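Data first, discussion second: the structure below is written as structure tokens.
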Amino acid sequence: MRRDIFQAIADPTRRAIIALIALQAMTPNALAEHFDTTRQAVSKHLRILTECELVTQEQKGREIFYSLEIEKMKEIDKWLEQYRKIWETRLNQLDDLLATIKKQEKEK
Amino acid sequence: MKMDFIVDKQTKTVSITKEFAFERSLVWDAYTKPELLDQWWAPKPFASRTKVMDFRVGGRRFYAMVSPDGQERWGLQKYTSISPKTNFKLFNAFADEDENPELPGSDWDLTFSEQDGTTKVSISIYNESLERLEKMVEMGFKEGTMSQLNNLEDLLAKLTGEKESK
């Protein structure tokens with residue numbers, strides 16, 4: 001299933017996981033040590049992050065290391081920046097329109 | 001005047017605040033009358049074309065964003081609460097040409113306040129999912145187009161020119 005990135009980063013534990021693996025690739029066991037939670041719970045969070053394509057996994061021997069997809073994180077900001085620009089343009093157009101209306105009122 | 005744009009990823013809310021050097025009743029009209037809305041709603045070079053608008057609680061606005069080559073992208077806004085000249089709320093969703101909404105949508109809350117002749121509009125948009133936001137950007141506002149239409153300097157120059165010619 002396609003996951004929503006807002007959902008991925010809405011959870012505090014997942015945000016903490018993102019912060020940790022942004023620095024270095026980590027195994028679920030190593031990650032679990034940082035939280036007052038079970039390994040299973042950490043695995044579940046990692047699965048959601050994987051489905052969002054925010055993390056990638058790499059098998060090393062018997063262990064799986066998770067690392068952060070920095071580019072994917074940047075995508076979030078890129079979308080938001082475009083959304084911001086749409087609103088900026090739209091509201092500047094409104095400002096423009098209001099000025100035009102006022103001008104017309106005065107000319108009447 | 002300056003615009004504030006704040007994204008709270010935790011609460012999935014986008015907050016936009018903008019001040020206008022005009023009285024509240026005029027700003028309110030620009031948001032609630034279709035003939036005015038269509039003049040500013042679509043970022044250029046897109047055009048906004050309102051097909052139906054019934055500004056009352058339970059009513060809706062069904063409109064198209066039209067690209068320069070004539071492609072239409074439909075949007076539906078259902079008004080859920082209205083306090084005249086102060087606040088209104090709506091449920092916003094993309095739609096097909098037969099007014100069937102594409103879910104999930106988003107909940108909008110718009111507040112208008114006036115102080116010393118300046119009207120502040122605070123818009124809060126709650127998105128159930130970021131996918132909608134992504135779609136919003138995909139619907140034609142490609143990066144190239146955005147930078148092209150982002151000629152804000154032109155717009156501001158025009159605006160300044162109009163103010164000076166008063």
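Note on naming: chains are A, B, ... as they come in the structure tokens, residues start from 1 per chain, ligands start from 1 in the order shown.
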
Surrounding residues of Ser122 (chain B) excluding itself and chain neighbours under 5 positions, 8 Å, only C-alpha atoms, as a tab-separated table (two decimals) with N, CA and C atoms, in the first residue's frame:
chain	number	residue	atom	x	y	z
B	15	SER	N	-0.81	26.67	7.90
B	15	SER	CA	-1.40	27.94	8.31
B	15	SER	C	-0.85	29.05	7.44
B	16	ILE	N	-1.76	29.81	6.85
B	16	ILE	CA	-1.36	30.91	5.98
B	16	ILE	C	-1.98	32.18	6.53
B	17	THR	N	-1.16	33.19	6.73
B	17	THR	CA	-1.67	34.47	7.22
B	17	THR	C	-1.23	35.57	6.27
B	18	LYS	N	-2.16	36.44	5.96
B	18	LYS	CA	-1.82	37.54	5.06
B	18	LYS	C	-2.61	38.77	5.46
B	109	ASP	N	-10.31	26.58	7.41
B	109	ASP	CA	-10.90	27.49	8.39
B	109	ASP	C	-10.33	28.87	8.09
B	110	LEU	N	-11.19	29.81	7.71
B	110	LEU	CA	-10.73	31.14	7.33
B	110	LEU	C	-11.28	32.20	8.27
B	111	THR	N	-10.38	32.95	8.87
B	111	THR	CA	-10.78	33.99	9.83
B	111	THR	C	-10.35	35.37	9.33
B	112	PHE	N	-11.28	36.32	9.42
B	112	PHE	CA	-11.03	37.68	8.95
B	112	PHE	C	-11.10	38.64	10.14

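Counting only C-alpha atoms, Gln93 (chain A) has the following residues at most 9 Å away, ignoring those fewer than 4 positions along the same chain: Glu88, Thr89, Leu97 and Leu98 of chain A; Gln39, Trp40, Trp41, Ala42, Pro43, Lys44 and Leu155 of chain B.
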
Can I get the selection written as a short mmCIF file (atom, residue, chain, number, x, y, z; two decimals), in the first residue's frame, with C-alpha atoms?
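part10.cif, freshly written:
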data_model
loop_
_atom_site.label_atom_id
_atom_site.label_comp_id
_atom_site.auth_asym_id
_atom_site.auth_seq_id
_atom_site.Cartn_x
_atom_site.Cartn_y
_atom_site.Cartn_z
CA GLU A 88 1.89 33.46 -2.35
CA THR A 89 0.94 34.02 -6.00
CA LEU A 97 -7.50 42.88 -7.32
CA LEU A 98 -8.41 44.73 -4.13
CA GLN B 39 -10.32 37.05 -10.65
CA TRP B 40 -7.63 35.98 -8.19
CA TRP B 41 -8.09 32.36 -7.13
CA ALA B 42 -6.06 30.69 -9.87
CA PRO B 43 -2.35 31.44 -9.96
CA LYS B 44 -1.62 32.84 -13.41
CA LEU B 155 2.91 41.78 -10.01
#

Within 12 Å of chain B, which residues of chain A show up when using only C-alpha atoms, listed as a CSV table (one decimal) with N, CA and C atoms, in the first residue's frame?
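out15.csv was written with the following content:
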chain,number,residue,atom,x,y,z
A,2,ARG,N,0.3,2.3,-0.6
A,2,ARG,CA,1.1,3.5,-0.6
A,2,ARG,C,0.8,4.3,0.7
A,3,ARG,N,1.9,4.6,1.4
A,3,ARG,CA,1.8,5.3,2.6
A,3,ARG,C,1.9,6.8,2.4
A,4,ASP,N,1.4,7.5,3.4
A,4,ASP,CA,1.5,9.0,3.3
A,4,ASP,C,2.6,9.5,4.2
A,5,ILE,N,3.4,10.4,3.7
A,5,ILE,CA,4.6,10.8,4.4
A,5,ILE,C,4.3,11.5,5.7
A,6,PHE,N,3.2,12.3,5.7
A,6,PHE,CA,2.7,13.0,6.9
A,6,PHE,C,2.5,11.9,8.0
A,7,GLN,N,2.0,10.8,7.6
A,7,GLN,CA,1.7,9.7,8.6
A,7,GLN,C,3.0,9.2,9.1
A,8,ALA,N,4.0,9.1,8.3
A,8,ALA,CA,5.3,8.6,8.7
A,8,ALA,C,6.0,9.5,9.7
A,9,ILE,N,5.9,10.8,9.5
A,9,ILE,CA,6.6,11.7,10.4
A,9,ILE,C,5.7,12.2,11.5
A,10,ALA,N,4.4,11.8,11.5
A,10,ALA,CA,3.5,12.3,12.6
A,10,ALA,C,3.8,11.6,13.9
A,11,ASP,N,4.4,10.4,13.9
A,11,ASP,CA,4.6,9.7,15.1
A,11,ASP,C,6.0,10.1,15.8
A,12,PRO,N,6.0,10.4,17.1
A,12,PRO,CA,7.2,10.8,17.7
A,12,PRO,C,8.3,9.8,17.7
A,14,ARG,N,8.8,7.5,15.4
A,14,ARG,CA,9.3,7.5,14.0
A,14,ARG,C,10.2,8.7,13.7
A,15,ARG,N,9.8,9.8,14.3
A,15,ARG,CA,10.7,11.0,14.1
A,15,ARG,C,12.1,10.8,14.8
A,52,CYS,N,7.0,4.0,3.1
A,52,CYS,CA,7.0,5.4,2.6
A,52,CYS,C,8.3,5.7,1.8
A,75,GLU,N,12.2,15.9,-0.6
A,75,GLU,CA,10.9,15.9,-1.4
A,75,GLU,C,9.8,16.6,-0.7
A,76,ILE,N,9.7,16.2,0.6
A,76,ILE,CA,8.6,16.8,1.4
A,76,ILE,C,8.7,18.3,1.4
A,77,ASP,N,9.9,18.8,1.6
A,77,ASP,CA,10.0,20.2,1.7
A,77,ASP,C,9.8,20.9,0.3
A,78,LYS,N,10.1,20.1,-0.8
A,78,LYS,CA,10.0,20.6,-2.1
A,78,LYS,C,8.5,20.8,-2.4
A,79,TRP,N,7.7,19.8,-2.1
A,79,TRP,CA,6.2,19.9,-2.3
A,79,TRP,C,5.7,21.1,-1.5
A,80,LEU,N,6.1,21.2,-0.3
A,80,LEU,CA,5.5,22.2,0.6
A,80,LEU,C,5.9,23.6,0.0
A,81,GLU,N,7.2,23.7,-0.5
A,81,GLU,CA,7.6,25.0,-1.1
A,81,GLU,C,6.7,25.4,-2.3
A,82,GLN,N,6.4,24.4,-3.1
A,82,GLN,CA,5.6,24.7,-4.2
A,82,GLN,C,4.2,25.1,-3.8
A,83,TYR,N,3.7,24.5,-2.8
A,83,TYR,CA,2.4,24.8,-2.2
A,83,TYR,C,2.4,26.2,-1.7
A,84,ARG,N,3.5,26.6,-1.0
A,84,ARG,CA,3.6,27.9,-0.5
A,84,ARG,C,3.6,28.9,-1.6
A,85,LYS,N,4.3,28.6,-2.7
A,85,LYS,CA,4.4,29.5,-3.8
A,85,LYS,C,3.0,29.7,-4.5
A,86,ILE,N,2.2,28.7,-4.5
A,86,ILE,CA,0.9,28.8,-5.1
A,86,ILE,C,0.1,29.8,-4.3
A,87,TRP,N,0.2,29.7,-2.9
A,87,TRP,CA,-0.6,30.6,-2.1
A,87,TRP,C,0.0,32.0,-2.1
A,88,GLU,N,1.3,32.1,-2.3
A,88,GLU,CA,1.9,33.5,-2.4
A,88,GLU,C,1.4,34.2,-3.6
A,89,THR,N,1.4,33.5,-4.7
A,89,THR,CA,0.9,34.0,-6.0
A,89,THR,C,-0.5,34.4,-5.9
A,90,ARG,N,-1.3,33.5,-5.4
A,90,ARG,CA,-2.8,33.7,-5.3
A,90,ARG,C,-3.1,34.9,-4.4
A,91,LEU,N,-2.5,35.0,-3.3
A,91,LEU,CA,-2.8,36.1,-2.4
A,91,LEU,C,-2.2,37.4,-2.9
A,92,ASN,N,-1.2,37.4,-3.6
A,92,ASN,CA,-0.7,38.6,-4.2
A,92,ASN,C,-1.7,39.1,-5.3
A,93,GLN,N,-2.2,38.1,-6.0
A,93,GLN,CA,-3.2,38.4,-7.0
A,93,GLN,C,-4.5,39.1,-6.4
A,94,LEU,N,-4.8,38.6,-5.2
A,94,LEU,CA,-6.0,39.1,-4.5
A,94,LEU,C,-5.7,40.6,-4.1
A,95,ASP,N,-4.4,40.8,-3.6
A,95,ASP,CA,-4.0,42.1,-3.2
A,95,ASP,C,-4.2,43.1,-4.4
A,96,ASP,N,-3.7,42.6,-5.5
A,96,ASP,CA,-3.8,43.3,-6.8
A,96,ASP,C,-5.2,43.7,-7.1
A,97,LEU,N,-6.1,42.7,-7.0
A,97,LEU,CA,-7.5,42.9,-7.3
A,97,LEU,C,-8.1,43.9,-6.4
A,98,LEU,N,-7.8,43.8,-5.1
A,98,LEU,CA,-8.4,44.7,-4.1
A,98,LEU,C,-8.0,46.2,-4.5
A,99,ALA,N,-6.7,46.3,-4.8
A,99,ALA,CA,-6.3,47.7,-5.2
A,99,ALA,C,-7.0,48.2,-6.4
A,100,THR,N,-7.3,47.3,-7.4
A,100,THR,CA,-8.0,47.7,-8.6
A,100,THR,C,-9.4,48.1,-8.2
A,101,ILE,N,-10.1,47.3,-7.4
A,101,ILE,CA,-11.4,47.6,-7.0
A,101,ILE,C,-11.5,49.0,-6.3
A,102,LYS,N,-10.6,49.2,-5.4
A,102,LYS,CA,-10.6,50.5,-4.7
A,102,LYS,C,-10.4,51.7,-5.6
A,103,LYS,N,-9.5,51.5,-6.6
A,103,LYS,CA,-9.2,52.5,-7.5
A,103,LYS,C,-10.4,52.8,-8.3
A,104,GLN,N,-11.2,51.8,-8.7
A,104,GLN,CA,-12.4,52.0,-9.5
A,104,GLN,C,-13.4,52.7,-8.7
A,105,GLU,N,-13.5,52.3,-7.4
A,105,GLU,CA,-14.5,53.0,-6.5
A,105,GLU,C,-14.2,54.5,-6.4
A,106,LYS,N,-13.0,54.8,-6.4
A,106,LYS,CA,-12.6,56.2,-6.2
A,106,LYS,C,-12.9,57.0,-7.5
A,107,GLU,N,-12.8,56.3,-8.6
A,107,GLU,CA,-13.0,57.0,-9.9
A,107,GLU,C,-14.4,57.3,-10.2

Report task. Within 8 Å of Leu90 (chain B), counting only C-alpha atoms, which residues show up once you throw out same-chain ones fewer than 3 positions away? Write them as a ChimeraX atom specification, please. Result -> /B:77-81,107-109

Those same residues - C-alpha atoms - I'd like them written as an mmCIF file, in the first residue's frame.
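Generated file (selection-v7.cif):
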data_model
loop_
_atom_site.group_PDB
_atom_site.id
_atom_site.type_symbol
_atom_site.label_atom_id
_atom_site.label_comp_id
_atom_site.auth_asym_id
_atom_site.auth_seq_id
_atom_site.Cartn_x
_atom_site.Cartn_y
_atom_site.Cartn_z
ATOM 1 C CA GLN B 77 -15.744 23.329 -1.778
ATOM 2 C CA LYS B 78 -18.583 22.667 0.640
ATOM 3 C CA TYR B 79 -19.361 25.371 3.179
ATOM 4 C CA THR B 80 -19.736 23.898 6.646
ATOM 5 C CA SER B 81 -19.939 27.071 8.762
ATOM 6 C CA ASP B 107 -10.756 21.120 6.065
ATOM 7 C CA TRP B 108 -10.300 24.857 5.733
ATOM 8 C CA ASP B 109 -10.900 27.486 8.388
#

Report summary line: From the list A:Ile48, A:Ile64, A:Leu54, A:Ile70, the nearest residue to Ala30 (chain A) using only C-alpha atoms is A:Ile64

Requested in this report: Could you find all residues in chain A that DSSP calls alpha helix (DSSP H) from the backbone, and write them as an MDAnalysis selection string?
Outcome: chainID A and resid 5:10 12:23 28:32 39:51 70:107

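The interatomic distance for the pair CA of Phe35 (chain A) and CA of Ala19 (chain A) works out to 12.9 Å.
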
Requested in this report: With a distance cut-off of 12 Å and only C-alpha atoms, select the neighbouring residues of Ile17 (chain A), excluding the residue or stretch itself and same-chain residues fewer than 2 positions from it, and output the selection as a PyMOL selection string.
Outcome: chain A and resi 8-9+11-15+19-28+30-35+41-49+54-55+66-68

Output C-alpha atoms of each residue in that selection to a file, as a PDB file, in the first residue's frame.
ATOM      1  CA  ALA A   8       5.311   8.579   8.654  1.00  0.00           C
ATOM      2  CA  ILE A   9       6.576  11.672  10.395  1.00  0.00           C
ATOM      3  CA  ASP A  11       4.625   9.708  15.129  1.00  0.00           C
ATOM      4  CA  PRO A  12       7.228  10.847  17.721  1.00  0.00           C
ATOM      5  CA  THR A  13       8.996   7.474  17.818  1.00  0.00           C
ATOM      6  CA  ARG A  14       9.306   7.460  14.041  1.00  0.00           C
ATOM      7  CA  ARG A  15      10.691  10.979  14.089  1.00  0.00           C
ATOM      8  CA  ALA A  19      16.888  11.413  13.568  1.00  0.00           C
ATOM      9  CA  LEU A  20      18.992   8.427  14.667  1.00  0.00           C
ATOM     10  CA  ILE A  21      19.418   6.784  11.275  1.00  0.00           C
ATOM     11  CA  ALA A  22      20.104  10.125   9.632  1.00  0.00           C
ATOM     12  CA  LEU A  23      23.482   9.952  11.386  1.00  0.00           C
ATOM     13  CA  GLN A  24      24.326   6.317  10.682  1.00  0.00           C
ATOM     14  CA  ALA A  25      22.751   3.088   9.458  1.00  0.00           C
ATOM     15  CA  MET A  26      21.401   1.046  12.371  1.00  0.00           C
ATOM     16  CA  THR A  27      19.908  -2.376  13.082  1.00  0.00           C
ATOM     17  CA  PRO A  28      16.452  -2.724  14.693  1.00  0.00           C
ATOM     18  CA  ALA A  30      20.432  -1.095  18.148  1.00  0.00           C
ATOM     19  CA  LEU A  31      17.475   1.230  17.559  1.00  0.00           C
ATOM     20  CA  ALA A  32      15.310  -0.519  20.168  1.00  0.00           C
ATOM     21  CA  GLU A  33      17.950   0.251  22.822  1.00  0.00           C
ATOM     22  CA  HIS A  34      17.151   3.927  22.393  1.00  0.00           C
ATOM     23  CA  PHE A  35      13.478   3.493  23.171  1.00  0.00           C
ATOM     24  CA  ALA A  41       7.367  -2.090  17.907  1.00  0.00           C
ATOM     25  CA  VAL A  42      10.530  -0.661  16.371  1.00  0.00           C
ATOM     26  CA  SER A  43      10.231  -3.125  13.486  1.00  0.00           C
ATOM     27  CA  LYS A  44       6.686  -1.986  12.870  1.00  0.00           C
ATOM     28  CA  HIS A  45       7.788   1.654  12.687  1.00  0.00           C
ATOM     29  CA  LEU A  46      10.612   0.672  10.334  1.00  0.00           C
ATOM     30  CA  ARG A  47       8.150  -1.160   8.116  1.00  0.00           C
ATOM     31  CA  ILE A  48       5.990   1.969   7.820  1.00  0.00           C
ATOM     32  CA  LEU A  49       9.041   4.105   7.071  1.00  0.00           C
ATOM     33  CA  LEU A  54      11.944   7.063   3.659  1.00  0.00           C
ATOM     34  CA  VAL A  55      14.396   4.329   4.681  1.00  0.00           C
ATOM     35  CA  TYR A  66      18.433   0.754   8.065  1.00  0.00           C
ATOM     36  CA  SER A  67      19.458   4.104   6.682  1.00  0.00           C
ATOM     37  CA  LEU A  68      17.610   7.300   5.826  1.00  0.00           C
TER      38      LEU A  68
END

Report task. Pick out the residues sitting within 12 Å of Ser25 (chain B), and hand them over as a PyMOL selection string; count only C-alpha atoms, and ignore anything fewer than 6 positions along from it in its own chain. Result -> (chain A and resi 98) or (chain B and resi 31-33+84-87+112-114+117-121)

Requested in this report: Could you find all residues in region 29-85 of chain A that DSSP calls strand (DSSP E or B) from the backbone, and write them as an NGL selection string?
Outcome: :A and (55-60 or 63-68)

Report summary line: Between CA of Lys89 (chain B) and CA of Arg73 (chain B) lies a distance of 22.2 Å

**Report entry** Neighbour list for region 63-71 of chain B as a PyMOL selection string, cut-off 8 Å, only C-alpha atoms, skip fewer than 5 positions in-chain
**Finding:** chain B and resi 42+45-52+76+140

Query raised in the report: What is the CA of Ser124 (chain B) to CA of Thr13 (chain B) distance in Å?
Result: 6.6 Å
